[in-house]
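Below is one structure, written out as structure tokens; the observations come after it.
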Amino acid sequence: MISEDRIREKLAILADAAKYDVSCSSSGSKRKNDNKGLGTTGNGICHAYTEDGRCVSLLKILLTNHCIYDCAYCVSRKSNDIKRAAFTVQEVVDLTINFYRRNYIEGLFLSSGIFSNADYTMERLVLIAKKLRTEHRFNGYIHLKTIPGASDELMKEAGLYADRLSVNVEMPTEKSLQLLAPDKKREDMIKPMHYLKEQIVQHTEEKKLIKATPTFAPAGQSTQMVIGATPETDLQILGMADQFYRRFQLRRVYYSGYVPISNDNRLPALGTPVPMVRENRLYQADWLLRFYGFTVNEIVSPDAPLLDMDIDPKLSWALRNLQLFPIDINQADLQLIKRVPGIGIGSAEKIVAARRFNKLNWEHLKKMGVPITRARYFITCHSADFERRDLTPVAIKQQILALGNSKYSANFSPQLSMF
Amino acid sequence: MITVVTYDGSFEGLLTAVFEVYEYKLAEVAFSRSSNYQDTIFNTTHQVVASGDKCRRVWKGLEHKLSAKALGDLYKAFLSEQPDIDNVLLDYIRHVFANTVSVEQDFSHPAVLRVVQMARMVHREKHRMEAFVRFQLTRDHLYYAVVEPDFDVLPLIRQHFQDRYADQLWLIYDARRKYGIYYDKESVTTVAMHFSEEVAAGKDIRSIQDEQEGLYQLLWQQYFSSVNILARKNTRLHIQHMPRRYWKYLPEKLL
């Protein structure tokens, strides 16, 4: 029996090393507890939030932080002088089951440093998932990181046990990857994405015909790129994300603001602030792409390849397209209402539903909880009172900025200072 | 003159009361859950005894006019236990029966809006309880949790926990409302609780814990602090998602 202190130390090391992987999603899978076993998946629950405000939904750990690679942006890189540790397969299984039974987590997110070779590592990750599913009849969420270069057979087996698989592209462009992770090839990351997409599509098709077809990664695949470590523009980053969504039908692309962890001169120096505002703006833009019907070129363009840091991308788009406004919320299409700054999907749908009963005025909007501080410049409603002045985009922006104190204003800094 | 309609505080009782408002053609009414009511000489009172039959007839009538979501919202708003909510629910139901089309999205009507808003608050509390319940294993192999939710949400979370923890015994105790839900691997029942002195009214069960329980709480605390990224500290966001009032039953916040 291993000592309590040792297991605690391992957990500290291997959770710490895994925390830069930002995905914590546990939704999108519909695994039911039909076998009277343990666990369900559904919409995803955040069981806790760290002091940096991020959701803790999964037990997110590395199997080991021993690694044969030396990627400059990674804490576990070979040349970094840090404590190393490795869990046994059984330790990961026990931790997952015991945390899950106490309602601490939705499941497991397992990744690993690469020891000896890709297949050897991947085999162990798959074994853990298999034990959980078969020996413990575990129906909670499992997210496995696929190791670049692992064989197709292992990937396929992983897909049968996991809810989600992900391959991190790490860097937005091949050039940056070459600079910071010379041992890794972008091709090794793209190829498995392609393979997974084919498998997911194939299994979904077959399942329509034959119900007994096993599910294959029902929550799809995702990827992550580090931003702010290299000089890519938001246009390049969002363009890349858009491609991933379309070519590989990815469920999510995660953007991880680079946290300086090394004094390697290819990277921003230690102490450089984490580009949290930029990361936030990228997520906002990502949402516009996936849920609001925007295209990349509406958000950023070759002439303006960077996102505004002081206002959100939807407001920024609206200010560039003032000729489309104001719109009448009692008449306009849902699609158009969704494009109004300050009005989200929920509010837009509520407006469209409620206007069948009553012509809506400002009072109705306020009571329904539609935030109008920003929207008022872009809409009219059943009221004689609306913005009549012919304001310029700059004036609107000034007024909006004067109204709210951005929670980020203290952090505003240029996007990147490479030295 | 206002008629004060008293009922037993159950949802069934409330729907029975609604039925009788129509049955006795009461025009101006104020609902009161019996325990709250103080008699005054200025009002007439009408006492309602919950009736399965009357309750079902009202619910059936509502089912004809409302979606499952709106019906759920009515129940959730009821569980909010807000002092005025019974009268709001009556206004809502009257508005439903006075119209031929469904009015559930008529958000410019004050009762409809308030029901939807309260339902959303109750739903959030339900979701928070699904997140913040922390089971502790006892020596009798029971997974036990204490909560003090803002609203009476145990009826809303039982299905979730029954589905998820189908192969373990568990009990969730609401220390504010003094009742629990208990699962015996077959079904969930609502239970009243009597605690011995040593477990502090059910709030501190260290003396009857399984010997591994301490270890897993410690490991969970370790995990929680290890995944934090200091360079990204954001206390406001942390508190917004995990309000302080929930901390006392969360092992990770007891450091």
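Labels used: A, B, ... for chains in the order of the structure tokens, numbers from 1 for residues in each chain, and numbers from 1 for ligands as shown.
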Using only C-alpha atoms, tabulate the residues of chain B lying at most 6 Å from any atom of chain A, each with its closest atom pair and that distance in Å to one decimal, by chain and increasing residue number, as JSON lines.
```
{"residue": "B:Gln105", "atom": "CA", "partner": "A:Ala354", "partner_atom": "CA", "distance": 5.6}
{"residue": "B:Asp106", "atom": "CA", "partner": "A:Ala354", "partner_atom": "CA", "distance": 5.3}
{"residue": "B:Phe107", "atom": "CA", "partner": "A:Ala354", "partner_atom": "CA", "distance": 5.8}
{"residue": "B:Ser108", "atom": "CA", "partner": "A:His364", "partner_atom": "CA", "distance": 5.8}
{"residue": "B:Ala131", "atom": "CA", "partner": "A:His47", "partner_atom": "CA", "distance": 4.4}
{"residue": "B:Phe132", "atom": "CA", "partner": "A:His47", "partner_atom": "CA", "distance": 5.9}
{"residue": "B:Arg134", "atom": "CA", "partner": "A:Asn103", "partner_atom": "CA", "distance": 5.6}
{"residue": "B:Phe135", "atom": "CA", "partner": "A:Arg102", "partner_atom": "CA", "distance": 4.5}
{"residue": "B:Arg164", "atom": "CA", "partner": "A:Gly39", "partner_atom": "CA", "distance": 4.3}
{"residue": "B:Tyr165", "atom": "CA", "partner": "A:Leu38", "partner_atom": "CA", "distance": 5.6}
{"residue": "B:Ala166", "atom": "CA", "partner": "A:Lys36", "partner_atom": "CA", "distance": 5.5}
{"residue": "B:Asp167", "atom": "CA", "partner": "A:Gly37", "partner_atom": "CA", "distance": 5.7}
{"residue": "B:Ser226", "atom": "CA", "partner": "A:Asp16", "partner_atom": "CA", "distance": 5.1}
{"residue": "B:Val227", "atom": "CA", "partner": "A:Lys19", "partner_atom": "CA", "distance": 5.3}
{"residue": "B:Asn228", "atom": "CA", "partner": "A:Thr50", "partner_atom": "CA", "distance": 5.5}
{"residue": "B:Arg232", "atom": "CA", "partner": "A:Asp52", "partner_atom": "CA", "distance": 5.3}
{"residue": "B:Lys233", "atom": "CA", "partner": "A:Asp52", "partner_atom": "CA", "distance": 4.1}
{"residue": "B:Asn234", "atom": "CA", "partner": "A:Asp52", "partner_atom": "CA", "distance": 4.4}
{"residue": "B:Thr235", "atom": "CA", "partner": "A:Glu51", "partner_atom": "CA", "distance": 5.8}
{"residue": "B:Leu237", "atom": "CA", "partner": "A:Gly53", "partner_atom": "CA", "distance": 4.9}
{"residue": "B:His238", "atom": "CA", "partner": "A:Gly53", "partner_atom": "CA", "distance": 4.3}
```
Using DSSP assignments from the backbone, pull out every residue in range 9-225 of chain B that falls under strand (DSSP E) and give it to me as a ChimeraX atom specification.
/B:29-33,44-47,136-137,142-147,169-174,179-183,188-191
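As for CA of Arg374 in chain A and CA of Arg236 in chain B, they are spaced 23.1 Å apart.
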Interatomic distance (Å, one decimal) between CA of Leu79 in chain B and CA of Asp152 in chain B
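Atom-to-atom, CA of Leu79 in chain B to CA of Asp152 in chain B, that is 5.4 Å.
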Write out as a PDB file with N, CA and C atoms, in the first residue's frame the residues lying within 10 Å of Gly202 in chain B, counting only C-alpha atoms and excluding same-chain residues fewer than 2 positions away.
```pdb
ATOM      1  N   TYR B 144     -23.355  10.513   2.539  1.00  0.00           N
ATOM      2  CA  TYR B 144     -24.224  11.459   3.221  1.00  0.00           C
ATOM      3  C   TYR B 144     -23.809  12.897   2.884  1.00  0.00           C
ATOM      4  N   ALA B 145     -24.773  13.752   2.611  1.00  0.00           N
ATOM      5  CA  ALA B 145     -24.455  15.162   2.337  1.00  0.00           C
ATOM      6  C   ALA B 145     -25.433  16.080   3.058  1.00  0.00           C
ATOM      7  N   VAL B 146     -24.938  17.224   3.528  1.00  0.00           N
ATOM      8  CA  VAL B 146     -25.795  18.260   4.117  1.00  0.00           C
ATOM      9  C   VAL B 146     -25.812  19.460   3.186  1.00  0.00           C
ATOM     10  N   TYR B 173     -29.414  15.779   3.073  1.00  0.00           N
ATOM     11  CA  TYR B 173     -30.205  16.363   4.145  1.00  0.00           C
ATOM     12  C   TYR B 173     -30.245  17.884   4.025  1.00  0.00           C
ATOM     13  N   ASP B 174     -31.450  18.442   4.005  1.00  0.00           N
ATOM     14  CA  ASP B 174     -31.622  19.895   3.968  1.00  0.00           C
ATOM     15  C   ASP B 174     -31.715  20.384   5.419  1.00  0.00           C
ATOM     16  N   ALA B 175     -30.609  20.956   5.911  1.00  0.00           N
ATOM     17  CA  ALA B 175     -30.542  21.327   7.335  1.00  0.00           C
ATOM     18  C   ALA B 175     -31.409  22.536   7.645  1.00  0.00           C
ATOM     19  N   LYS B 178     -35.030  20.837   7.425  1.00  0.00           N
ATOM     20  CA  LYS B 178     -35.075  19.686   8.331  1.00  0.00           C
ATOM     21  C   LYS B 178     -35.739  18.447   7.726  1.00  0.00           C
ATOM     22  N   MET B 193     -35.585  13.411   9.884  1.00  0.00           N
ATOM     23  CA  MET B 193     -34.330  12.946  10.466  1.00  0.00           C
ATOM     24  C   MET B 193     -34.277  13.219  11.958  1.00  0.00           C
ATOM     25  N   HIS B 194     -33.724  12.276  12.678  1.00  0.00           N
ATOM     26  CA  HIS B 194     -33.416  12.504  14.097  1.00  0.00           C
ATOM     27  C   HIS B 194     -31.947  12.213  14.294  1.00  0.00           C
ATOM     28  N   PHE B 195     -31.215  13.175  14.781  1.00  0.00           N
ATOM     29  CA  PHE B 195     -29.769  12.991  14.921  1.00  0.00           C
ATOM     30  C   PHE B 195     -29.394  12.843  16.375  1.00  0.00           C
ATOM     31  N   SER B 196     -28.356  12.057  16.608  1.00  0.00           N
ATOM     32  CA  SER B 196     -27.850  11.963  17.968  1.00  0.00           C
ATOM     33  C   SER B 196     -26.964  13.180  18.237  1.00  0.00           C
ATOM     34  N   GLU B 197     -26.661  13.410  19.498  1.00  0.00           N
ATOM     35  CA  GLU B 197     -25.858  14.561  19.914  1.00  0.00           C
ATOM     36  C   GLU B 197     -24.529  14.668  19.171  1.00  0.00           C
ATOM     37  N   GLU B 198     -23.867  13.493  18.985  1.00  0.00           N
ATOM     38  CA  GLU B 198     -22.486  13.525  18.507  1.00  0.00           C
ATOM     39  C   GLU B 198     -22.340  14.052  17.067  1.00  0.00           C
ATOM     40  N   VAL B 199     -23.417  14.141  16.301  1.00  0.00           N
ATOM     41  CA  VAL B 199     -23.270  14.620  14.922  1.00  0.00           C
ATOM     42  C   VAL B 199     -23.825  16.027  14.706  1.00  0.00           C
ATOM     43  N   ALA B 200     -23.994  16.788  15.791  1.00  0.00           N
ATOM     44  CA  ALA B 200     -24.347  18.209  15.695  1.00  0.00           C
ATOM     45  C   ALA B 200     -25.502  18.469  14.727  1.00  0.00           C
ATOM     46  N   ASP B 204     -22.195  17.658  11.342  1.00  0.00           N
ATOM     47  CA  ASP B 204     -20.803  17.244  11.491  1.00  0.00           C
ATOM     48  C   ASP B 204     -20.759  15.746  11.790  1.00  0.00           C
ATOM     49  N   ILE B 205     -20.407  14.958  10.782  1.00  0.00           N
ATOM     50  CA  ILE B 205     -20.498  13.517  10.985  1.00  0.00           C
ATOM     51  C   ILE B 205     -19.128  12.856  11.067  1.00  0.00           C
TER      52      ILE B 205
END
```
